[in-house]
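Novice: Here you go, one structure.
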Amino acid sequence: MAAQPYDLLLRNGQLLRSPQHLEKADIAIQGDQIAAISPHLQGSAVLEIDVAGQLVSPPFVESHIHLDSALTAGDPGWNQSGSLFEGIEIWRERKQSLTLEDVKQRAIQTLKQQATQGVLYVRSHADVSEPTLTALQGLLEVREAVKDWLTLQVVAFPQDGVYGSPQNEELLEEALRLGADAVGGIPHYELTREDGVRSVQRIFELAQRYDRLIDIHCDEIDDDQSRFLEVVVACAIRSGLGPRVTASHTTAFASYNNAYALKLMGFLQRTQLNFIANPLINITLQGRTDTYPKRRGVTRVKELWQQGLNVSLGHDCIQDPWYALGTGNMLDVASMAVHVCQMTGRAEIDACYNMVTWQGARTLNLPVYGLDVGQPANLMVLDADSRYEAIRQRSVVRWVIARGKVISQTEPAHQTSFLT
Ligand code: FE2
């Protein structure tokens with residue numbers, strides 16, 4: 001009797017099997033799982049695609065985005081100064097008019113835009129500083145609505161500070177009761193340094209009580225005296241929660257003096273903390289109060305990576321009060337990291353690709369990720385034969401496969417003829 005055909009067979013791929021390992025092989029999918037991987041797979045399939053040496057990669061991981069504010073740029077006003085704080089003020093006004101439908105429509109539109117570009121894992125922050133928790137409830141509904149094709153984590157993010165107004169602490173806890181995956185914070189935007197320290201300690205207490213991940217907007221400011229990362233480090237060491245904790249942005253780390261930064265690097269070795277840099281937005285937001293020399297304002301990505309710490313990269317914002325640009329393309333993010341962080345060595349370019357794939361998966365604490373037999377069939381095919389070419393050309397993602405189904409297909413850009 002003839003063998004049962006596979007549901008899907010990709011022939012002649014360059015498979016990215018691990019951060020270190022590229023392998024020419026065919027890959028077969030049955031149902032929602034990877035059924036076989038081999039250089040020359042026998043058998044047939046309902047759908048067979050010859051990918052002709054193109055890169056077959058695990059999906060992109062967007063480890064830091066704000067879906068609740070996505071696609072609102074210019075509403076109710078444009079951020080003229082380009083600063084974080086003007087963005088917060090514009091958002092404070094916009095969020096008064098949030099409805100569940102408004103949040104869900106923009107979030108799903110953004111997630112579809114991301115998914116067609118290979119993003120199948122997303123961690124989004126939801127502002128929990130407004131009393132109706134509309135942003136959070138909307139994103140929790142979206143998490144459910146998209147679960148057949150994308151994994152969404154939602155962080156309860158107190159944009160105006162845990163202690164910025166009397167009800168915020170309770171709203172943060174209520175968000176965890178409602179089902180947020182992670183608890184967030186913004187210690188550098190609390191009213192005092194003491195409130196900032198207290199907020200970090202409270203976040204760790206809540207994470208332990210509700211058994212949630214932690215992702216804190218930490219030191220997103222050019223102030224070299226903004227030192228809440230050391231508080232996060234201390235709490236991580238004392239609680240042992242390190243791998244479940246993420247410090248997002250940490251842009252002040254780029255402004256610390258080296259003596260302090262090196263001491264902190266030593267402490268970080270004891271934590272297994274995750275870092276997320278958002279180079280697209282922080283190269284534009286930071287340095288706004290500088291004349292010249294003007295700081296880059298992106299955390300010490302290269303040095304953290306060289307120290308063996310887990311660093312992933314996020315888009316942060318797509319068309320919102322903090323960043324009016326963006327398409328959701330993670331290769332734009334990786335490319336900006338290559339430039340801003342001066343990671344132009346060949347291994348460094350590959351590392352930037354890994355920061356939007358494997359390292360992001362580690363930040364999200366995903367239980368399974370990668371291309372292995374028996375794993376969920378989540379993958380993408382890029383119009384490139386290496387990570388370097390994918391970043392250099394910002395290659396098109398030709399096919400996106402989620403839970404074993406082809407959910408997106410994109411033709412490569414039209415070829416241009418030089419006519420002279
Ligand atoms: Fe953010």
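In the structure tokens, the first chain shown is A, the next is B, and so on; residue numbers restart at 1 for each chain, and ligands run from 1 in the order shown.
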With 8 Å as the cut-off and only C-alpha atoms and all ligand atoms counted, what is the closest atom pair between each nearby residue of chain A and ligand 1? Distances in Å to one decimal, ordered by chain and number, as a tab-separated table.
Specialist:
residue	atom	partner	partner_atom_place_in_ligand_line	distance
A:His64	CA	ligand 1	1 (Fe)	6.4
A:Ile65	CA	ligand 1	1 (Fe)	6.2
A:His66	CA	ligand 1	1 (Fe)	6.4
A:His125	CA	ligand 1	1 (Fe)	7.2
A:His217	CA	ligand 1	1 (Fe)	6.3
A:Ser248	CA	ligand 1	1 (Fe)	7.2
A:His249	CA	ligand 1	1 (Fe)	7.3
A:Asn278	CA	ligand 1	1 (Fe)	8.0
A:Asp316	CA	ligand 1	1 (Fe)	5.1
A:Cys317	CA	ligand 1	1 (Fe)	7.3
Novice: Write the selection just made, keeping all heavy atoms, as a tab-separated table (two decimals), in the first residue's frame?
Specialist:
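Now in selection.tsv:
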chain	number	residue	atom	x	y	z
A	64	HIS	N	8.62	42.91	21.48
A	64	HIS	CA	8.20	44.15	22.17
A	64	HIS	C	7.43	45.06	21.22
A	64	HIS	O	8.01	45.69	20.33
A	64	HIS	CB	9.42	44.88	22.72
A	64	HIS	CG	9.09	46.04	23.60
A	64	HIS	ND1	9.50	46.13	24.92
A	64	HIS	CD2	8.38	47.17	23.38
A	64	HIS	CE1	9.05	47.25	25.45
A	64	HIS	NE2	8.37	47.91	24.52
A	65	ILE	N	6.14	45.12	21.42
A	65	ILE	CA	5.32	46.05	20.62
A	65	ILE	C	4.16	46.53	21.47
A	65	ILE	O	3.80	45.89	22.48
A	65	ILE	CB	4.82	45.39	19.32
A	65	ILE	CG1	4.29	46.45	18.35
A	65	ILE	CG2	3.78	44.32	19.60
A	65	ILE	CD1	4.12	45.99	16.94
A	66	HIS	N	3.60	47.67	21.08
A	66	HIS	CA	2.41	48.22	21.75
A	66	HIS	C	1.27	48.19	20.74
A	66	HIS	O	1.09	49.13	19.96
A	66	HIS	CB	2.67	49.65	22.23
A	66	HIS	CG	3.74	49.74	23.27
A	66	HIS	ND1	3.47	49.97	24.60
A	66	HIS	CD2	5.08	49.60	23.18
A	66	HIS	CE1	4.60	49.98	25.30
A	66	HIS	NE2	5.60	49.77	24.45
A	125	HIS	N	2.53	45.01	24.86
A	125	HIS	CA	2.17	45.70	26.09
A	125	HIS	C	0.76	46.26	25.93
A	125	HIS	O	0.35	46.65	24.84
A	125	HIS	CB	3.18	46.82	26.39
A	125	HIS	CG	4.54	46.24	26.64
A	125	HIS	ND1	5.05	46.08	27.90
A	125	HIS	CD2	5.46	45.74	25.78
A	125	HIS	CE1	6.24	45.50	27.81
A	125	HIS	NE2	6.52	45.29	26.54
A	217	HIS	N	9.62	48.23	31.27
A	217	HIS	CA	10.25	49.35	30.56
A	217	HIS	C	11.22	49.97	31.55
A	217	HIS	O	10.80	50.56	32.55
A	217	HIS	CB	9.21	50.39	30.14
A	217	HIS	CG	8.44	50.01	28.93
A	217	HIS	ND1	7.59	48.94	28.88
A	217	HIS	CD2	8.38	50.61	27.70
A	217	HIS	CE1	7.04	48.88	27.66
A	217	HIS	NE2	7.50	49.87	26.93
A	248	SER	N	13.31	45.89	29.29
A	248	SER	CA	13.13	46.46	27.96
A	248	SER	C	13.76	47.85	27.88
A	248	SER	O	13.74	48.61	28.85
A	248	SER	CB	11.64	46.57	27.63
A	248	SER	OG	11.11	45.33	27.20
A	249	HIS	N	14.28	48.16	26.74
A	249	HIS	CA	14.87	49.45	26.38
A	249	HIS	C	16.24	49.67	27.05
A	249	HIS	O	17.25	49.72	26.38
A	249	HIS	CB	13.93	50.62	26.69
A	249	HIS	CG	12.68	50.63	25.89
A	249	HIS	ND1	12.66	50.95	24.56
A	249	HIS	CD2	11.40	50.35	26.22
A	249	HIS	CE1	11.42	50.89	24.10
A	249	HIS	NE2	10.63	50.51	25.09
A	278	ASN	N	15.11	48.21	21.22
A	278	ASN	CA	14.17	48.62	20.16
A	278	ASN	C	14.85	49.72	19.32
A	278	ASN	O	14.57	50.90	19.48
A	278	ASN	CB	12.87	49.13	20.79
A	278	ASN	CG	12.19	48.05	21.61
A	278	ASN	OD1	11.67	47.09	21.07
A	278	ASN	ND2	12.21	48.19	22.93
A	316	ASP	N	8.66	47.83	18.79
A	316	ASP	CA	8.12	48.74	19.80
A	316	ASP	C	6.82	49.41	19.35
A	316	ASP	O	5.79	49.25	19.98
A	316	ASP	CB	9.15	49.79	20.22
A	316	ASP	CG	8.85	50.41	21.57
A	316	ASP	OD1	7.92	49.94	22.26
A	316	ASP	OD2	9.54	51.36	21.96
A	317	CYS	N	6.90	50.17	18.28
A	317	CYS	CA	5.72	50.94	17.85
A	317	CYS	C	5.57	50.86	16.34
A	317	CYS	O	6.56	50.79	15.61
A	317	CYS	CB	5.88	52.41	18.22
A	317	CYS	SG	6.09	52.68	19.98
Novice: Name all residues at most 6 Å from region 153-155 of chain A (count only C-alpha atoms; drop same-chain ones fewer than 6 positions away) and give them as a CSV table (one decimal) with N, CA and C atoms, in the first residue's frame.
Specialist:
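Final output, selection.csv:
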chain,number,residue,atom,x,y,z
A,123,ARG,N,4.9,39.6,21.6
A,123,ARG,CA,4.6,40.1,23.0
A,123,ARG,C,4.2,41.6,22.9
A,124,SER,N,3.0,41.9,23.3
A,124,SER,CA,2.5,43.2,23.3
A,124,SER,C,2.2,43.8,24.7
A,125,HIS,N,2.5,45.0,24.9
A,125,HIS,CA,2.2,45.7,26.1
A,125,HIS,C,0.8,46.3,25.9
A,126,ALA,N,0.0,46.3,27.0
A,126,ALA,CA,-1.3,46.9,27.1
A,126,ALA,C,-1.3,47.9,28.2
A,180,ALA,N,-3.5,38.7,32.1
A,180,ALA,CA,-2.3,39.2,31.4
A,180,ALA,C,-1.2,38.1,31.7
A,181,ASP,N,-0.4,38.0,30.6
A,181,ASP,CA,0.7,37.0,30.7
A,181,ASP,C,1.9,37.5,31.5
A,182,ALA,N,2.0,38.8,31.6
A,182,ALA,CA,3.2,39.3,32.2
A,182,ALA,C,2.9,40.6,32.9
A,183,VAL,N,3.7,41.0,33.9
A,183,VAL,CA,3.5,42.2,34.6
A,183,VAL,C,4.6,43.2,34.2
Novice: Please, which residues of region 94-333 of chain A, numbered as in this document, come out alpha helix (DSSP H) from DSSP, as a ChimeraX atom specification?
Specialist: /A:94,100-115,134-145,168-178,193-210,229-239,258-268,279-285,301-306,330-333
Novice: If we count only C-alpha atoms and set the cut-off at 12 Å, which residues sit around Gly87 (chain A), ignoring sequence neighbours fewer than 2 positions away in its own chain? Please answer as a PyMOL selection string.
Specialist: chain A and resi 69+72-85+89-95+159-160+281+285+317+319-324
Novice: Let's have the selection written as a tab-separated table (two decimals), in the first residue's frame, with N, CA, C and O atoms.
Specialist:
chain	number	residue	atom	x	y	z
A	69	SER	N	-1.72	50.98	20.88
A	69	SER	CA	-1.57	52.33	20.30
A	69	SER	C	-1.23	52.28	18.81
A	69	SER	O	-1.15	53.33	18.16
A	72	THR	N	-2.27	54.72	15.22
A	72	THR	CA	-2.96	55.95	15.65
A	72	THR	C	-2.15	57.21	15.35
A	72	THR	O	-2.53	58.30	15.80
A	73	ALA	N	-1.05	57.09	14.63
A	73	ALA	CA	-0.18	58.27	14.42
A	73	ALA	C	-0.99	59.45	13.90
A	73	ALA	O	-1.80	59.32	12.99
A	74	GLY	N	-0.77	60.61	14.52
A	74	GLY	CA	-1.47	61.82	14.10
A	74	GLY	C	-2.81	62.03	14.78
A	74	GLY	O	-3.44	63.08	14.61
A	75	ASP	N	-3.27	61.05	15.54
A	75	ASP	CA	-4.59	61.13	16.19
A	75	ASP	C	-4.40	61.08	17.70
A	75	ASP	O	-4.02	60.04	18.23
A	76	PRO	N	-4.65	62.13	18.47
A	76	PRO	CA	-5.22	63.40	18.06
A	76	PRO	C	-4.18	64.42	17.60
A	76	PRO	O	-4.58	65.50	17.16
A	77	GLY	N	-2.90	64.11	17.67
A	77	GLY	CA	-1.92	65.10	17.21
A	77	GLY	C	-0.61	64.41	16.87
A	77	GLY	O	-0.38	63.26	17.27
A	78	TRP	N	0.21	65.09	16.12
A	78	TRP	CA	1.51	64.55	15.72
A	78	TRP	C	2.54	64.88	16.80
A	78	TRP	O	2.49	65.98	17.37
A	79	ASN	N	3.44	63.96	17.08
A	79	ASN	CA	4.49	64.21	18.07
A	79	ASN	C	5.56	65.11	17.44
A	79	ASN	O	6.42	64.64	16.71
A	80	GLN	N	5.46	66.40	17.71
A	80	GLN	CA	6.36	67.36	17.03
A	80	GLN	C	7.77	67.33	17.58
A	80	GLN	O	8.74	67.48	16.85
A	81	SER	N	7.91	67.13	18.89
A	81	SER	CA	9.25	67.12	19.48
A	81	SER	C	9.94	65.78	19.26
A	81	SER	O	11.16	65.68	19.31
A	82	GLY	N	9.15	64.75	19.02
A	82	GLY	CA	9.72	63.41	18.84
A	82	GLY	C	10.15	62.77	20.15
A	82	GLY	O	10.81	61.73	20.15
A	83	SER	N	9.78	63.35	21.28
A	83	SER	CA	10.26	62.83	22.56
A	83	SER	C	9.30	61.79	23.12
A	83	SER	O	8.11	61.76	22.79
A	84	LEU	N	9.83	60.96	24.01
A	84	LEU	CA	9.01	59.97	24.71
A	84	LEU	C	7.87	60.65	25.45
A	84	LEU	O	6.72	60.19	25.43
A	85	PHE	N	8.17	61.78	26.07
A	85	PHE	CA	7.21	62.40	26.98
A	85	PHE	C	6.08	63.10	26.22
A	85	PHE	O	4.93	63.07	26.66
A	89	GLU	N	1.97	62.13	26.45
A	89	GLU	CA	0.88	63.11	26.57
A	89	GLU	C	-0.16	62.94	25.46
A	89	GLU	O	-1.36	63.01	25.70
A	90	ILE	N	0.31	62.70	24.24
A	90	ILE	CA	-0.64	62.50	23.12
A	90	ILE	C	-1.46	61.24	23.36
A	90	ILE	O	-2.67	61.22	23.18
A	91	TRP	N	-0.79	60.19	23.82
A	91	TRP	CA	-1.48	58.93	24.08
A	91	TRP	C	-2.48	59.08	25.24
A	91	TRP	O	-3.57	58.52	25.21
A	92	ARG	N	-2.10	59.90	26.24
A	92	ARG	CA	-3.00	60.12	27.38
A	92	ARG	C	-4.36	60.65	26.87
A	92	ARG	O	-5.41	60.27	27.37
A	93	GLU	N	-4.30	61.53	25.85
A	93	GLU	CA	-5.53	62.08	25.29
A	93	GLU	C	-6.24	61.03	24.42
A	93	GLU	O	-7.45	60.84	24.53
A	94	ARG	N	-5.47	60.34	23.58
A	94	ARG	CA	-6.08	59.36	22.65
A	94	ARG	C	-6.77	58.23	23.41
A	94	ARG	O	-7.83	57.74	23.01
A	95	LYS	N	-6.18	57.82	24.54
A	95	LYS	CA	-6.74	56.65	25.21
A	95	LYS	C	-8.07	56.94	25.92
A	95	LYS	O	-8.78	56.00	26.28
A	159	GLN	N	1.46	52.46	31.99
A	159	GLN	CA	2.14	53.54	31.25
A	159	GLN	C	2.39	54.80	32.09
A	159	GLN	O	3.41	55.46	31.97
A	160	ASP	N	1.43	55.14	32.98
A	160	ASP	CA	1.57	56.36	33.78
A	160	ASP	C	2.21	56.10	35.13
A	160	ASP	O	2.19	56.97	36.01
A	281	ILE	N	13.04	52.71	17.20
A	281	ILE	CA	12.40	53.81	17.93
A	281	ILE	C	13.41	54.55	18.80
A	281	ILE	O	13.37	55.78	18.89
A	285	LEU	N	13.92	58.44	19.28
A	285	LEU	CA	13.42	59.09	20.50
A	285	LEU	C	14.53	59.68	21.35
A	285	LEU	O	14.38	60.76	21.93
A	317	CYS	N	6.90	50.17	18.28
A	317	CYS	CA	5.72	50.94	17.85
A	317	CYS	C	5.57	50.86	16.34
A	317	CYS	O	6.56	50.79	15.61
A	319	GLN	N	3.41	53.18	13.73
A	319	GLN	CA	2.51	54.32	13.47
A	319	GLN	C	1.72	54.73	14.70
A	319	GLN	O	0.49	54.66	14.73
A	320	ASP	N	2.43	55.18	15.71
A	320	ASP	CA	1.75	55.65	16.93
A	320	ASP	C	2.40	56.94	17.43
A	320	ASP	O	3.26	57.51	16.73
A	321	PRO	N	2.01	57.46	18.61
A	321	PRO	CA	2.54	58.77	19.03
A	321	PRO	C	4.05	58.80	19.28
A	321	PRO	O	4.65	59.87	19.36
A	322	TRP	N	4.67	57.62	19.41
A	322	TRP	CA	6.11	57.59	19.67
A	322	TRP	C	6.92	57.36	18.41
A	322	TRP	O	8.09	57.67	18.35
A	323	TYR	N	6.31	56.73	17.42
A	323	TYR	CA	7.03	56.37	16.19
A	323	TYR	C	6.02	56.28	15.07
A	323	TYR	O	5.19	55.37	15.03
A	324	ALA	N	6.08	57.25	14.16
A	324	ALA	CA	5.03	57.35	13.13
A	324	ALA	C	5.30	56.42	11.95
A	324	ALA	O	4.45	56.29	11.08
Novice: Could you check how far CA of Val200 (chain A) sits from CA of Leu262 (chain A), in Å to one decimal?
Specialist: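 The value is 22.2 Å.
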Novice: Please identify all polymer residues within 9 Å of Val298 (chain A), counting only C-alpha atoms, omitting same-chain residues fewer than 5 positions from it, and present them as a PyMOL selection string.
Specialist: chain A and resi 249-254+277-279+282-283+286+337+340-341
Novice: Can you list, as a list of chain:residue names, every protein, DNA or RNA residue that comes within 12 Å of Glu348 (chain A) when you count only C-alpha atoms, leaving out same-chain residues fewer than 5 positions away?
Specialist: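 Within the cut-off, the hits are A:Val301, A:Lys302, A:Glu303, A:Trp305, A:Gln306, A:Ala334, A:Ser335, A:Ala337, A:Val338, A:His339, A:Cys341, A:Gln342, A:Met343, A:Tyr353, A:Asn354, A:Met355, A:Arg387, A:Tyr388, A:Ile391.
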Novice: Just the selected residues (N, CA and C atoms), exported as a PDB file, in the first residue's frame, please.
Specialist:
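This is the output file again-v6.pdb:
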ATOM      1  N   VAL A 301      23.894  46.696  23.214  1.00  0.00           N
ATOM      2  CA  VAL A 301      23.501  45.408  22.624  1.00  0.00           C
ATOM      3  C   VAL A 301      24.713  44.513  22.380  1.00  0.00           C
ATOM      4  N   LYS A 302      25.721  45.073  21.733  1.00  0.00           N
ATOM      5  CA  LYS A 302      26.868  44.236  21.370  1.00  0.00           C
ATOM      6  C   LYS A 302      27.559  43.682  22.623  1.00  0.00           C
ATOM      7  N   GLU A 303      27.736  44.531  23.617  1.00  0.00           N
ATOM      8  CA  GLU A 303      28.449  44.100  24.812  1.00  0.00           C
ATOM      9  C   GLU A 303      27.633  43.077  25.608  1.00  0.00           C
ATOM     10  N   TRP A 305      25.467  41.008  24.344  1.00  0.00           N
ATOM     11  CA  TRP A 305      25.549  39.769  23.535  1.00  0.00           C
ATOM     12  C   TRP A 305      26.918  39.111  23.740  1.00  0.00           C
ATOM     13  N   GLN A 306      27.976  39.917  23.721  1.00  0.00           N
ATOM     14  CA  GLN A 306      29.308  39.341  23.912  1.00  0.00           C
ATOM     15  C   GLN A 306      29.456  38.693  25.290  1.00  0.00           C
ATOM     16  N   ALA A 334      16.237  44.338  12.625  1.00  0.00           N
ATOM     17  CA  ALA A 334      17.572  43.724  12.694  1.00  0.00           C
ATOM     18  C   ALA A 334      18.590  44.582  11.952  1.00  0.00           C
ATOM     19  N   SER A 335      18.186  45.120  10.808  1.00  0.00           N
ATOM     20  CA  SER A 335      19.102  45.959  10.027  1.00  0.00           C
ATOM     21  C   SER A 335      19.486  47.217  10.812  1.00  0.00           C
ATOM     22  N   ALA A 337      19.592  47.487  14.018  1.00  0.00           N
ATOM     23  CA  ALA A 337      20.502  47.074  15.089  1.00  0.00           C
ATOM     24  C   ALA A 337      21.920  46.901  14.553  1.00  0.00           C
ATOM     25  N   VAL A 338      22.046  46.311  13.373  1.00  0.00           N
ATOM     26  CA  VAL A 338      23.372  46.147  12.762  1.00  0.00           C
ATOM     27  C   VAL A 338      24.067  47.500  12.660  1.00  0.00           C
ATOM     28  N   HIS A 339      23.314  48.518  12.237  1.00  0.00           N
ATOM     29  CA  HIS A 339      23.895  49.850  12.034  1.00  0.00           C
ATOM     30  C   HIS A 339      24.159  50.570  13.342  1.00  0.00           C
ATOM     31  N   CYS A 341      24.154  49.592  16.469  1.00  0.00           N
ATOM     32  CA  CYS A 341      24.988  48.898  17.462  1.00  0.00           C
ATOM     33  C   CYS A 341      26.341  48.511  16.877  1.00  0.00           C
ATOM     34  N   GLN A 342      26.587  48.888  15.639  1.00  0.00           N
ATOM     35  CA  GLN A 342      27.842  48.605  14.942  1.00  0.00           C
ATOM     36  C   GLN A 342      28.168  47.118  14.984  1.00  0.00           C
ATOM     37  N   MET A 343      27.185  46.315  14.629  1.00  0.00           N
ATOM     38  CA  MET A 343      27.372  44.860  14.613  1.00  0.00           C
ATOM     39  C   MET A 343      27.508  44.386  13.167  1.00  0.00           C
ATOM     40  N   TYR A 353      20.109  38.646  13.379  1.00  0.00           N
ATOM     41  CA  TYR A 353      18.990  37.822  12.891  1.00  0.00           C
ATOM     42  C   TYR A 353      18.480  36.923  14.024  1.00  0.00           C
ATOM     43  N   ASN A 354      19.432  36.350  14.772  1.00  0.00           N
ATOM     44  CA  ASN A 354      19.028  35.463  15.876  1.00  0.00           C
ATOM     45  C   ASN A 354      18.233  36.228  16.935  1.00  0.00           C
ATOM     46  N   MET A 355      18.500  37.533  17.052  1.00  0.00           N
ATOM     47  CA  MET A 355      17.802  38.345  18.060  1.00  0.00           C
ATOM     48  C   MET A 355      16.320  38.571  17.713  1.00  0.00           C
ATOM     49  N   ARG A 387      21.227  34.380   6.439  1.00  0.00           N
ATOM     50  CA  ARG A 387      20.753  35.452   7.317  1.00  0.00           C
ATOM     51  C   ARG A 387      21.318  36.804   6.880  1.00  0.00           C
ATOM     52  N   TYR A 388      22.584  36.776   6.461  1.00  0.00           N
ATOM     53  CA  TYR A 388      23.248  37.997   6.002  1.00  0.00           C
ATOM     54  C   TYR A 388      22.497  38.613   4.820  1.00  0.00           C
ATOM     55  N   ILE A 391      19.074  40.106   5.822  1.00  0.00           N
ATOM     56  CA  ILE A 391      19.145  41.438   6.437  1.00  0.00           C
ATOM     57  C   ILE A 391      19.610  42.486   5.424  1.00  0.00           C
TER      58      ILE A 391
END
Novice: Would you mind listing what lies within 8 Å of Val119 (chain A) as a ChimeraX atom specification, with only C-alpha atoms counted and same-chain residues fewer than 4 positions away left out?
Specialist: /A:59-62,114-115,330
Novice: Those selected residues, please, written with C-alpha atoms and delivered as a compact mmCIF listing (two decimals), in the first residue's frame.
Specialist:
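In the end it all went to out_10.txt:
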# COMPACT_ATOMS: atom_id res chain seq x y z
CA PRO A 59 9.24 32.49 12.37
CA PHE A 60 10.18 35.93 13.54
CA VAL A 61 9.48 36.77 17.16
CA GLU A 62 8.30 40.33 17.87
CA GLN A 114 3.23 41.28 10.87
CA ALA A 115 2.21 37.68 10.12
CA MET A 330 11.55 42.44 11.66
Novice: Name the residues of region 225-362 of chain A that fall into strand (DSSP E) according to DSSP on the backbone, using the chain letters and numbers of this document, as a VMD selection string.
Specialist: chain A and resid 245 to 249 274 to 277 310 to 313
Novice: Residues within 7 Å of region 231-237 of chain A, please, as a ChimeraX atom specification. Count only C-alpha atoms; anything in the same chain fewer than 2 positions from it doesn't count.
Specialist: /A:197,200-201,228-229,239-242,268,270-271
Novice: For N, CA, C and O atoms, I'd like the residues from the last selection saved as a compact mmCIF listing (two decimals), in the first residue's frame.
Specialist:
# COMPACT_ATOMS: atom_id res chain seq x y z
N VAL A 197 11.82 52.55 42.71
CA VAL A 197 12.36 51.35 43.38
C VAL A 197 11.20 50.50 43.90
O VAL A 197 11.15 49.28 43.70
N VAL A 200 9.35 48.52 41.21
CA VAL A 200 10.03 47.29 40.76
C VAL A 200 9.81 46.17 41.78
O VAL A 200 9.49 45.02 41.41
N GLN A 201 9.93 46.52 43.05
CA GLN A 201 9.72 45.49 44.09
C GLN A 201 8.28 44.96 44.04
O GLN A 201 8.04 43.76 44.17
N PHE A 228 17.51 52.06 37.42
CA PHE A 228 16.57 51.05 37.91
C PHE A 228 16.94 49.65 37.44
O PHE A 228 16.46 48.68 38.02
N LEU A 229 17.82 49.56 36.45
CA LEU A 229 18.26 48.22 36.04
C LEU A 229 18.93 47.51 37.22
O LEU A 229 18.74 46.32 37.42
N SER A 239 15.15 36.80 44.00
CA SER A 239 13.97 35.96 43.77
C SER A 239 14.29 34.71 42.97
O SER A 239 13.51 33.75 42.96
N GLY A 240 15.42 34.73 42.26
CA GLY A 240 15.74 33.60 41.37
C GLY A 240 14.88 33.57 40.12
O GLY A 240 14.87 32.58 39.39
N LEU A 241 14.17 34.65 39.82
CA LEU A 241 13.25 34.67 38.67
C LEU A 241 13.94 35.01 37.35
O LEU A 241 13.28 35.07 36.31
N GLY A 242 15.23 35.27 37.38
CA GLY A 242 15.97 35.83 36.23
C GLY A 242 15.48 35.48 34.84
O GLY A 242 15.12 36.37 34.07
N LEU A 268 25.00 41.29 36.22
CA LEU A 268 24.06 40.69 35.26
C LEU A 268 24.38 39.22 35.00
O LEU A 268 23.48 38.42 34.72
N ARG A 270 24.88 37.08 36.99
CA ARG A 270 24.26 36.23 38.01
C ARG A 270 22.75 36.11 37.84
O ARG A 270 22.07 35.52 38.68
N THR A 271 22.18 36.68 36.76
CA THR A 271 20.72 36.78 36.69
C THR A 271 20.04 35.99 35.59
O THR A 271 18.87 35.67 35.72
